[in-house]
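File shown here: my_file.cif, holding mmCIF, C-alpha atoms.
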```
data_my_file
#
loop_
_atom_site.label_atom_id
_atom_site.label_comp_id
_atom_site.auth_asym_id
_atom_site.auth_seq_id
_atom_site.Cartn_x
_atom_site.Cartn_y
_atom_site.Cartn_z
CA MET Y 8 0.00 0.00 0.00
CA LYS Y 9 1.20 3.50 -0.79
CA ALA Y 10 0.33 6.90 0.66
CA ILE Y 11 1.22 10.24 -0.90
CA ILE Y 12 1.44 13.09 1.60
CA VAL Y 13 1.07 16.58 0.20
CA GLY Y 14 2.93 18.93 2.54
CA GLY Y 15 5.98 18.37 4.71
CA GLY Y 16 5.08 20.33 7.84
CA ILE Y 17 4.28 18.92 11.26
CA GLY Y 18 1.06 17.17 10.21
CA GLY Y 19 2.42 15.88 6.92
CA LEU Y 20 5.61 14.41 8.36
CA ALA Y 21 3.66 12.90 11.26
CA ALA Y 22 1.33 11.22 8.78
CA ALA Y 23 4.30 9.95 6.75
CA ALA Y 24 5.91 8.55 9.89
CA ALA Y 25 2.66 6.90 10.97
CA PHE Y 26 2.06 5.20 7.62
CA HIS Y 27 5.72 4.17 7.30
CA GLN Y 28 5.63 2.52 10.72
CA ARG Y 29 2.67 0.46 9.54
CA GLY Y 30 4.59 -0.80 6.54
CA TRP Y 31 3.17 1.51 3.88
CA ARG Y 32 5.31 3.07 1.17
CA VAL Y 33 5.17 6.84 1.50
CA GLU Y 34 6.00 9.80 -0.72
CA VAL Y 35 6.08 13.29 0.79
CA LEU Y 36 5.69 16.18 -1.66
CA GLU Y 37 6.85 19.49 -0.22
CA ARG Y 38 6.84 22.78 -2.15
CA ALA Y 39 9.75 24.31 -0.18
CA PRO Y 40 13.30 23.48 -1.29
CA GLU Y 41 14.01 21.66 1.97
CA PHE Y 42 12.21 20.09 4.90
CA THR Y 43 12.71 22.60 7.67
CA GLU Y 44 10.82 25.21 9.66
CA ILE Y 45 11.68 28.88 10.04
CA GLY Y 46 9.07 29.45 12.75
CA ALA Y 47 9.65 30.23 16.40
CA GLY Y 48 8.55 28.02 19.29
CA VAL Y 49 5.73 25.53 19.55
CA SER Y 50 4.01 24.23 22.67
CA ILE Y 51 2.90 20.62 22.51
CA GLN Y 52 0.15 19.94 25.01
CA PRO Y 53 -0.64 16.55 26.60
CA ASN Y 54 -2.88 15.34 23.79
CA GLY Y 55 -0.20 16.19 21.23
CA LEU Y 56 2.41 14.32 23.25
CA ARG Y 57 0.13 11.28 23.38
CA ALA Y 58 -0.10 11.40 19.58
CA LEU Y 59 3.70 11.50 19.43
CA ASP Y 60 3.77 8.54 21.83
CA ALA Y 61 1.79 6.59 19.21
CA LEU Y 62 4.71 7.29 16.84
CA GLY Y 63 7.30 6.35 19.47
CA LEU Y 64 8.55 9.94 19.57
CA GLY Y 65 6.96 11.38 22.70
CA ASP Y 66 9.83 10.66 25.06
CA ALA Y 67 12.34 12.20 22.65
CA LEU Y 68 10.41 15.46 22.77
CA ARG Y 69 9.95 15.30 26.53
CA SER Y 70 13.69 14.80 27.04
CA GLY Y 71 14.45 18.17 25.48
CA GLY Y 72 11.48 20.37 26.11
CA LEU Y 73 9.40 19.86 29.27
CA ALA Y 74 7.32 22.90 30.15
CA ASP Y 75 4.41 24.07 32.28
CA PRO Y 76 0.95 24.95 31.02
CA LEU Y 77 -0.16 28.57 30.91
CA ALA Y 78 0.09 30.05 34.39
CA GLY Y 79 -2.65 32.53 33.62
CA ILE Y 80 -3.63 35.80 32.02
CA ARG Y 81 -2.62 39.25 33.29
CA ARG Y 82 -3.78 42.80 32.70
CA THR Y 83 -1.34 45.24 31.13
CA HIS Y 84 -0.18 46.54 34.54
CA GLY Y 85 0.42 43.00 35.81
CA ASN Y 86 -2.63 42.12 37.91
CA TRP Y 87 -4.05 38.68 37.25
CA LEU Y 88 -7.24 38.20 35.28
CA ILE Y 89 -7.08 34.40 35.41
CA ARG Y 90 -4.83 32.09 37.43
CA ASN Y 91 -4.52 28.48 36.34
CA ASP Y 92 -3.76 25.58 38.68
CA VAL Y 93 -0.56 24.57 36.91
CA ASP Y 94 0.22 21.54 39.07
CA GLY Y 95 -3.39 20.42 38.98
CA LEU Y 96 -3.47 20.58 35.19
CA LYS Y 97 -0.33 18.46 34.92
CA ARG Y 98 -1.64 15.91 37.42
CA ARG Y 99 -4.90 15.62 35.53
CA PHE Y 100 -3.79 15.70 31.91
CA GLY Y 101 -0.04 15.03 31.72
CA GLN Y 102 3.04 16.92 30.65
CA TRP Y 103 3.52 19.92 28.33
CA ALA Y 104 6.59 20.50 26.13
CA THR Y 105 7.95 23.58 24.39
CA VAL Y 106 10.54 23.35 21.62
CA HIS Y 107 11.61 25.21 18.52
CA ARG Y 108 9.42 24.23 15.60
CA ALA Y 109 12.52 23.21 13.64
CA ALA Y 110 13.42 20.69 16.35
CA LEU Y 111 9.99 19.05 16.07
CA ILE Y 112 10.27 18.96 12.26
CA ASP Y 113 13.71 17.32 12.55
CA LEU Y 114 12.34 14.71 14.95
CA LEU Y 115 9.49 13.80 12.61
CA ARG Y 116 11.62 13.91 9.47
CA ALA Y 117 14.07 11.42 10.98
CA ALA Y 118 11.18 8.93 11.33
CA VAL Y 119 10.57 8.99 7.55
CA PRO Y 120 12.90 7.31 5.02
CA ALA Y 121 15.05 9.90 3.27
CA HIS Y 122 14.19 8.49 -0.16
CA ALA Y 123 10.49 9.24 0.48
CA LEU Y 124 11.07 12.98 0.86
CA ARG Y 125 10.62 15.09 -2.28
CA PRO Y 126 11.32 18.76 -1.54
CA GLY Y 127 10.91 21.40 -4.22
CA THR Y 128 7.80 19.69 -5.56
CA GLU Y 129 4.75 21.89 -6.10
CA VAL Y 130 1.40 20.11 -6.23
CA ARG Y 131 -0.96 21.47 -8.86
CA GLU Y 132 -3.94 19.12 -8.70
CA VAL Y 133 -5.21 16.26 -6.55
CA ARG Y 134 -7.92 13.95 -7.84
CA PRO Y 135 -10.28 11.72 -5.85
CA ASP Y 136 -8.86 8.59 -7.51
CA GLY Y 137 -5.47 9.12 -5.81
CA THR Y 138 -3.73 10.90 -8.70
CA VAL Y 139 -1.51 13.87 -7.88
CA ARG Y 140 -0.21 16.21 -10.58
CA HIS Y 141 2.87 18.15 -9.54
CA SER Y 142 5.91 19.97 -10.86
CA GLY Y 143 7.81 16.69 -11.14
CA GLY Y 144 5.14 14.84 -13.10
CA THR Y 145 2.31 12.64 -11.85
CA SER Y 146 2.13 10.30 -8.87
CA THR Y 147 -0.58 7.84 -7.83
CA ALA Y 148 -1.32 6.14 -4.55
CA ASP Y 149 -3.86 4.07 -2.65
CA LEU Y 150 -4.42 7.08 -0.36
CA VAL Y 151 -3.53 10.77 -0.59
CA VAL Y 152 -3.16 12.97 2.49
CA GLY Y 153 -3.65 16.71 2.02
CA ALA Y 154 -1.49 18.26 4.72
CA ASP Y 155 -0.59 21.38 2.78
CA GLY Y 156 -1.76 24.08 5.15
CA VAL Y 157 -4.34 26.81 5.32
CA HIS Y 158 -4.07 27.63 1.60
CA SER Y 159 -4.20 23.96 0.62
CA ALA Y 160 -3.99 23.07 -3.07
CA THR Y 161 -5.52 19.71 -2.17
CA ARG Y 162 -8.57 21.35 -0.67
CA ARG Y 163 -8.97 23.72 -3.62
CA SER Y 164 -8.81 20.77 -6.02
CA LEU Y 165 -11.53 18.74 -4.33
CA TRP Y 166 -13.69 21.43 -2.69
CA PRO Y 167 -13.44 24.25 -5.25
CA ARG Y 168 -16.71 25.90 -4.21
CA HIS Y 169 -16.04 25.89 -0.49
CA PRO Y 170 -15.26 29.34 0.99
CA GLY Y 171 -11.56 29.88 1.50
CA PRO Y 172 -9.83 30.83 4.74
CA ARG Y 173 -11.18 33.95 6.45
CA TYR Y 174 -9.11 36.58 8.19
CA VAL Y 175 -10.14 36.83 11.84
CA GLY Y 176 -9.18 40.48 12.30
CA TYR Y 177 -5.79 40.27 13.99
CA THR Y 178 -2.23 39.63 12.94
CA THR Y 179 0.39 37.63 14.85
CA TRP Y 180 4.11 38.10 15.49
CA ARG Y 181 6.35 35.34 16.83
CA PHE Y 182 9.97 35.42 17.95
CA ILE Y 183 12.40 33.83 20.38
CA ALA Y 184 14.09 36.22 22.84
CA PRO Y 185 17.56 35.59 24.30
CA PRO Y 186 17.81 33.84 27.70
CA GLN Y 187 16.33 35.85 30.56
CA PRO Y 188 14.32 35.05 33.69
CA VAL Y 189 10.52 34.86 33.39
CA GLU Y 190 8.03 33.47 35.89
CA GLY Y 191 6.47 30.83 33.66
CA SER Y 192 4.09 30.91 30.72
CA VAL Y 193 1.95 34.04 30.85
CA GLU Y 194 -0.39 35.86 28.49
CA THR Y 195 -1.38 39.52 28.92
CA TRP Y 196 -4.52 41.10 27.53
CA GLY Y 197 -4.91 44.73 26.61
CA ARG Y 198 -7.49 46.39 24.41
CA GLY Y 199 -7.41 44.73 20.99
CA GLU Y 200 -3.94 43.30 21.60
CA ARG Y 201 -2.10 40.76 23.72
CA PHE Y 202 1.37 39.47 24.47
CA GLY Y 203 2.37 35.95 25.54
CA TYR Y 204 5.66 34.39 26.57
CA VAL Y 205 6.76 30.82 27.25
CA PRO Y 206 10.14 29.85 28.77
CA MET Y 207 12.10 27.29 26.77
CA PRO Y 208 14.37 24.63 28.31
CA ASP Y 209 17.57 26.37 27.14
CA GLY Y 210 16.62 29.64 28.86
CA ARG Y 211 15.38 31.43 25.77
CA VAL Y 212 11.81 32.72 25.72
CA TYR Y 213 9.27 32.05 23.00
CA CYS Y 214 7.09 35.14 22.53
CA TYR Y 215 3.96 35.86 20.56
CA VAL Y 216 2.05 39.08 19.97
CA LEU Y 217 -1.44 39.48 18.53
CA ALA Y 218 -3.07 42.78 17.61
CA ASN Y 219 -6.11 43.96 15.69
CA ALA Y 220 -5.05 45.19 12.26
CA PRO Y 221 -6.26 45.18 8.65
CA ALA Y 222 -5.20 42.12 6.67
CA GLY Y 223 -1.84 42.65 5.04
CA SER Y 224 -0.60 45.19 7.58
CA ARG Y 225 3.12 45.10 8.23
CA ILE Y 226 4.30 46.51 11.55
CA HIS Y 227 8.00 46.70 12.42
CA LEU Y 228 9.54 45.62 15.72
CA ASP Y 229 10.30 49.24 16.68
CA GLU Y 230 6.59 50.02 16.55
CA LEU Y 231 5.81 47.00 18.71
CA ARG Y 232 8.39 48.14 21.26
CA GLU Y 233 6.75 51.54 21.46
CA ARG Y 234 3.27 50.04 21.56
CA PHE Y 235 4.04 47.75 24.53
CA ALA Y 236 6.59 49.93 26.35
CA ARG Y 237 4.28 50.60 29.32
CA TRP Y 238 3.12 47.03 29.83
CA HIS Y 239 4.25 45.08 32.89
CA ASP Y 240 7.69 43.45 33.09
CA PRO Y 241 9.13 41.49 31.36
CA VAL Y 242 7.17 42.44 28.22
CA PRO Y 243 9.24 45.53 27.29
CA ALA Y 244 12.51 43.71 27.99
CA LEU Y 245 11.54 40.76 25.80
CA LEU Y 246 10.76 43.09 22.91
CA ASN Y 247 13.90 45.17 23.46
CA THR Y 248 16.15 42.09 23.28
CA ALA Y 249 14.45 40.62 20.20
CA ASP Y 250 16.29 40.46 16.89
CA SER Y 251 14.23 42.27 14.26
CA ASP Y 252 15.42 39.85 11.57
CA ALA Y 253 14.01 36.92 13.52
CA VAL Y 254 10.51 38.31 14.12
CA LEU Y 255 7.91 36.55 11.97
CA GLN Y 256 4.55 38.15 11.22
CA HIS Y 257 1.56 36.29 9.81
CA ASP Y 258 -2.07 37.29 9.49
CA THR Y 259 -4.41 35.00 11.42
CA TYR Y 260 -6.88 32.89 9.48
CA GLU Y 261 -9.38 30.17 10.24
CA LEU Y 262 -11.20 27.85 7.87
CA PRO Y 263 -15.00 27.73 7.61
CA GLU Y 264 -16.26 24.27 8.50
CA LEU Y 265 -16.02 21.67 5.76
CA PRO Y 266 -18.88 19.17 5.36
CA THR Y 267 -16.33 16.32 5.17
CA TYR Y 268 -12.57 15.87 5.34
CA VAL Y 269 -12.50 13.06 2.75
CA SER Y 270 -13.17 12.67 -0.96
CA GLY Y 271 -12.57 9.37 -2.72
CA LYS Y 272 -9.08 8.23 -1.74
CA VAL Y 273 -8.09 11.63 -0.34
CA ALA Y 274 -8.16 12.94 3.25
CA LEU Y 275 -7.33 16.39 4.59
CA LEU Y 276 -5.58 16.92 7.90
CA GLY Y 277 -4.21 19.78 9.99
CA ASP Y 278 -4.69 23.34 8.76
CA ALA Y 279 -5.81 22.10 5.35
CA ALA Y 280 -8.90 20.65 7.05
CA HIS Y 281 -9.49 22.87 10.08
CA ALA Y 282 -7.19 25.89 10.28
CA MET Y 283 -7.87 27.50 13.65
CA THR Y 284 -6.82 30.56 15.61
CA PRO Y 285 -3.85 30.04 17.95
CA ASN Y 286 -5.81 30.91 21.09
CA LEU Y 287 -5.80 27.39 22.57
CA GLY Y 288 -2.40 26.41 21.18
CA GLN Y 289 -3.98 23.35 19.60
CA GLY Y 290 -3.09 23.69 15.91
CA ALA Y 291 -0.05 21.40 15.90
CA CYS Y 292 -1.59 19.06 18.47
CA GLN Y 293 -4.70 18.49 16.38
CA ALA Y 294 -2.59 17.87 13.28
CA LEU Y 295 -0.64 15.21 15.20
CA GLU Y 296 -3.89 13.61 16.37
CA ASP Y 297 -5.18 13.65 12.78
CA ALA Y 298 -2.06 11.92 11.50
CA VAL Y 299 -1.99 8.97 13.88
CA THR Y 300 -5.77 8.50 13.70
CA LEU Y 301 -5.80 8.49 9.90
CA ALA Y 302 -2.94 6.00 9.57
CA SER Y 303 -4.44 3.68 12.16
CA ALA Y 304 -7.93 3.74 10.64
CA ALA Y 305 -6.77 3.26 7.04
CA ASP Y 306 -4.37 0.46 7.92
CA ILE Y 307 -6.77 -1.50 10.13
CA LEU Y 308 -10.06 -0.96 8.30
CA GLY Y 309 -8.84 -0.46 4.73
CA VAL Y 310 -8.78 2.80 2.81
CA ARG Y 311 -12.49 3.26 2.16
CA ALA Y 312 -13.79 2.33 5.62
CA GLY Y 313 -10.78 3.93 7.26
CA LEU Y 314 -11.41 7.29 5.65
CA GLU Y 315 -15.05 7.16 6.74
CA GLN Y 316 -13.97 6.37 10.28
CA TYR Y 317 -11.37 9.16 10.23
CA ASP Y 318 -13.97 11.70 9.14
CA ASP Y 319 -16.49 10.49 11.72
CA VAL Y 320 -13.95 10.76 14.54
CA ARG Y 321 -11.86 13.78 13.65
CA ARG Y 322 -14.26 16.26 12.06
CA PRO Y 323 -16.55 16.80 15.09
CA ARG Y 324 -13.60 17.07 17.47
CA THR Y 325 -11.51 19.47 15.42
CA GLN Y 326 -14.43 21.69 14.47
CA THR Y 327 -15.47 21.93 18.12
CA ILE Y 328 -11.94 22.96 19.11
CA THR Y 329 -11.83 25.49 16.27
CA ARG Y 330 -14.98 27.14 17.61
CA ARG Y 331 -13.69 27.08 21.19
CA SER Y 332 -10.40 28.60 20.09
CA ARG Y 333 -12.19 31.47 18.35
CA GLN Y 334 -14.31 32.12 21.46
CA ALA Y 335 -11.38 31.89 23.88
CA GLY Y 336 -9.46 34.72 22.24
CA ALA Y 337 -12.35 37.04 21.44
CA PRO Y 338 -12.36 39.05 24.73
CA ALA Y 339 -8.69 39.94 24.27
CA HIS Y 340 -9.54 41.74 21.04
CA TRP Y 341 -12.41 43.83 22.32
CA THR Y 342 -11.69 47.52 21.82
CA SER Y 343 -14.67 49.07 23.62
CA PRO Y 344 -13.52 50.65 26.93
CA PRO Y 345 -16.75 49.65 28.76
CA LEU Y 346 -16.50 46.05 27.54
CA THR Y 347 -12.83 45.65 28.40
CA ALA Y 348 -13.43 47.24 31.82
CA LEU Y 349 -16.24 44.75 32.45
CA ARG Y 350 -13.98 41.91 31.33
CA ASP Y 351 -11.21 43.00 33.67
CA VAL Y 352 -13.60 43.13 36.63
CA ALA Y 353 -15.51 39.93 35.89
CA LEU Y 354 -12.78 37.45 34.98
CA PRO Y 355 -10.95 37.49 38.36
CA LEU Y 356 -14.28 36.75 40.10
CA LEU Y 357 -14.93 33.53 38.19
CA PRO Y 358 -13.92 30.23 39.86
CA ARG Y 359 -10.66 28.67 38.72
CA SER Y 360 -12.43 25.35 38.18
CA LEU Y 361 -14.48 26.95 35.40
CA PHE Y 362 -11.38 27.57 33.31
CA ASN Y 363 -9.98 24.11 34.04
CA ARG Y 364 -13.22 22.50 32.86
CA SER Y 365 -13.16 24.54 29.66
CA LEU Y 366 -9.79 23.01 28.76
CA THR Y 367 -10.89 19.40 29.22
CA PRO Y 368 -12.25 18.79 25.68
CA ALA Y 369 -8.94 19.77 24.08
CA TYR Y 370 -6.57 17.91 26.41
CA THR Y 371 -8.58 14.70 26.36
#
```
Is it possible to express this structure as structure tokens?
Amino acid sequence: MKAIIVGGGIGGLAAAAAFHQRGWRVEVLERAPEFTEIGAGVSIQPNGLRALDALGLGDALRSGGLADPLAGIRRTHGNWLIRNDVDGLKRRFGQWATVHRAALIDLLRAAVPAHALRPGTEVREVRPDGTVRHSGGTSTADLVVGADGVHSATRRSLWPRHPGPRYVGYTTWRFIAPPQPVEGSVETWGRGERFGYVPMPDGRVYCYVLANAPAGSRIHLDELRERFARWHDPVPALLNTADSDAVLQHDTYELPELPTYVSGKVALLGDAAHAMTPNLGQGACQALEDAVTLASAADILGVRAGLEQYDDVRRPRTQTITRRSRQAGAPAHWTSPPLTALRDVALPLLPRSLFNRSLTPAYT
């Protein structure tokens, strides 16, 4: 049996590794000239680590990147809006890990035979019968996996009338700051903007910034430094020590719900199927879950029944998490002074258990 994977990111390489471990021949078509990742950090939550465990890779990630869950959310002057029970979350759900995205890509790539990797290959069309037309010719397989991201060529080929990704109204910056002391993973909410930071095992700090802006806006690091200069420590220091050449900015998109993730011999996974906002940190984790579920179902049940099972299991879960992610970040992007004032008064009064319960669907 052969699987073609379109896209060599986290989800695509995880799918290739999962099928390879089950004895399938795999072919990974990646548009970029090499299999790597120029992104910043990535937090893998307990459910993502369990998916990596299914690939035999979970312990390798834990050995180099153990981390704590989000400690909570602060106001711009430092007072807490929400405090999470960090130890309780770990006892209940398991461990978190934070690594550079390139390290995770390297881990997954090493689990796939080198001869199966085809960088510099642009996919032009995917057909339901398992045919893939690309810049190197034509390939066919028993199953095709569309793991080619939010602007998926696979999805456009098979769902041409479905609405494309929609801009959610805010843009995102990511960078890794040099080593410096921080008190754990924290996110801070302002009015239409927020700043988060996550300590990494080597002392560096993964940072992310989200702010309301028109699609296509490009804002330089100097403007971010000025914009957040009066926020609580260590936010200004993290921005002041950042390297402007290493700050990545991407507009934030999500995908309207698809009626199915499968068509013929083709299945979508990751952002190609359910691109979501980063508010729950579940994008990579859900792609990993997709990959191991798809390979297991197709191998055990056969391609046709396996794809049906994959769609039945994964579509409701991922679409629910996409909606929850959108809702979780919405209050941070309110710009009305009365609404944000109400938010800042109300959130600290809510019981901690309420927030813990809201996380359960994602982590389980």
Can you turn the PyMOL selection byres ((chain Y and resi 206-217) around 6) into a concrete residue list for this file, as an MDAnalysis selection string?
chainID Y and resid 48 72 178:186 200:205 218
Pick from Y:Ala160, Y:Ala74, Y:Val189, Y:Leu349 nearest to Ser50 of chain Y, counting all atoms listed in the file:
Y:Ala74
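Atom CA of Leu88 of chain Y to atom CA of Gly197 of chain Y spans 11.1 Å [interatomic distance, one decimal].
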Residues within 10 Å of (9.8, 25.1, -2.5), counting all atoms listed in the file, listed as a VMD selection string:
chain Y and resid 36 to 42 126 to 129
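Here, the PyMOL selection byres ((chain Y and resi 166-175) around 9) matches Y:Val157, Y:His158, Y:Thr161, Y:Arg162, Y:Arg163, Y:Ser164, Y:Leu165, Y:Gly176, Y:Tyr177, Y:Thr178, Y:Ala222, Y:Asp258, Y:Thr259, Y:Tyr260, Y:Glu261, Y:Leu262, Y:Pro263, Y:Leu265, Y:Ser270, Y:Ala282, Y:Thr284, Y:Arg333.
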Assuming the chain letters and numbering stay as they are in my file, what does the PyMOL selection byres ((chain Y and resi 324) around 12) actually select? List them as a PyMOL selection string.
chain Y and resi 264+280-281+289+293-294+296-297+317-323+325-331+368-371
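Residue nearest Ile112 of chain Y within the list Y:Ala291, Y:Leu228, Y:Ala279, Y:Leu255: Y:Ala291 [criterion: smallest interatomic distance, all atoms listed in the file].
Among the candidates Y:Ile307, Y:Ala298, Y:Ala109, Y:Ile89, the one nearest to Ile45 of chain Y when counting all atoms listed in the file is Y:Ala109.
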Find the residues around Pro344 of chain Y up to 12 Å (only C-alpha atoms counted), leave out those fewer than 5 positions away in its own chain, and share them as a VMD selection string.
chain Y and resid 197 to 199 338 349 to 351
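Taking all atoms listed in the file, the non-local environment of Arg82 of chain Y within 9 Å (same-chain residues fewer than 2 positions away omitted) comprises Ile80, His84, Gly85, Asn86, Trp87, Leu88, Glu194, Thr195, Trp196, Gly197, Trp238, His239 and Asp351 of chain Y.
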Tell me which protein, DNA and RNA residues are within 12 Å of Glu230 of chain Y, counting only C-alpha atoms, leaving out same-chain ones fewer than 5 positions away, and put them as a tab-separated table (two decimals) with C-alpha atoms, keeping the file's coordinate frame.
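Output below, filename part09.tsv:
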```tsv
chain	number	residue	atom	x	y	z
Y	225	ARG	CA	3.12	45.10	8.23
Y	235	PHE	CA	4.04	47.75	24.53
Y	236	ALA	CA	6.59	49.93	26.35
Y	243	PRO	CA	9.24	45.53	27.29
Y	246	LEU	CA	10.76	43.09	22.91
Y	247	ASN	CA	13.90	45.17	23.46
Y	251	SER	CA	14.23	42.27	14.26
```
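Straight-line separation from atom CA of Val152 of chain Y to atom CA of Val33 of chain Y: 10.4 Å.
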Quick one: distance from atom CA of Thr83 of chain Y to atom CA of Asn363 of chain Y in Å, one decimal?
23.0 Å
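Among the candidates Y:Val106, Y:Ala148, Y:Ala25, Y:Leu124, the one nearest to Asp60 of chain Y when counting only C-alpha atoms is Y:Ala25.
Among Y:Ala220, Y:Leu56, Y:Leu354, Y:Thr43, the residue with the shortest atom-to-atom distance to Gly15 of chain Y, counting only C-alpha atoms, is Y:Thr43.
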When you count only C-alpha atoms, which of these residues is closest to Ala10 of chain Y: Y:Leu150, Y:Leu77, Y:Val35, Y:Ala61?
Y:Leu150
List the residues sitting within 6 Å of (-1.8, 2.6, 10.4) in the file's frame, using only C-alpha atoms, as a list of chain:residue names.
Y:Phe26, Y:Arg29, Y:Ala302, Y:Ser303, Y:Asp306
Using all atoms listed in the file, which protein or nucleic acid residues come within 7 Å of Val151 of chain Y? Drop anything in the same chain fewer than 4 positions from it, and give the result as a tab-separated table (two decimals) with C-alpha atoms, in the frame of the given file.
```tsv
chain	number	residue	atom	x	y	z
Y	10	ALA	CA	0.33	6.90	0.66
Y	11	ILE	CA	1.22	10.24	-0.90
Y	12	ILE	CA	1.44	13.09	1.60
Y	137	GLY	CA	-5.47	9.12	-5.81
Y	272	LYS	CA	-9.08	8.23	-1.74
Y	273	VAL	CA	-8.09	11.63	-0.34
Y	274	ALA	CA	-8.16	12.94	3.25
```
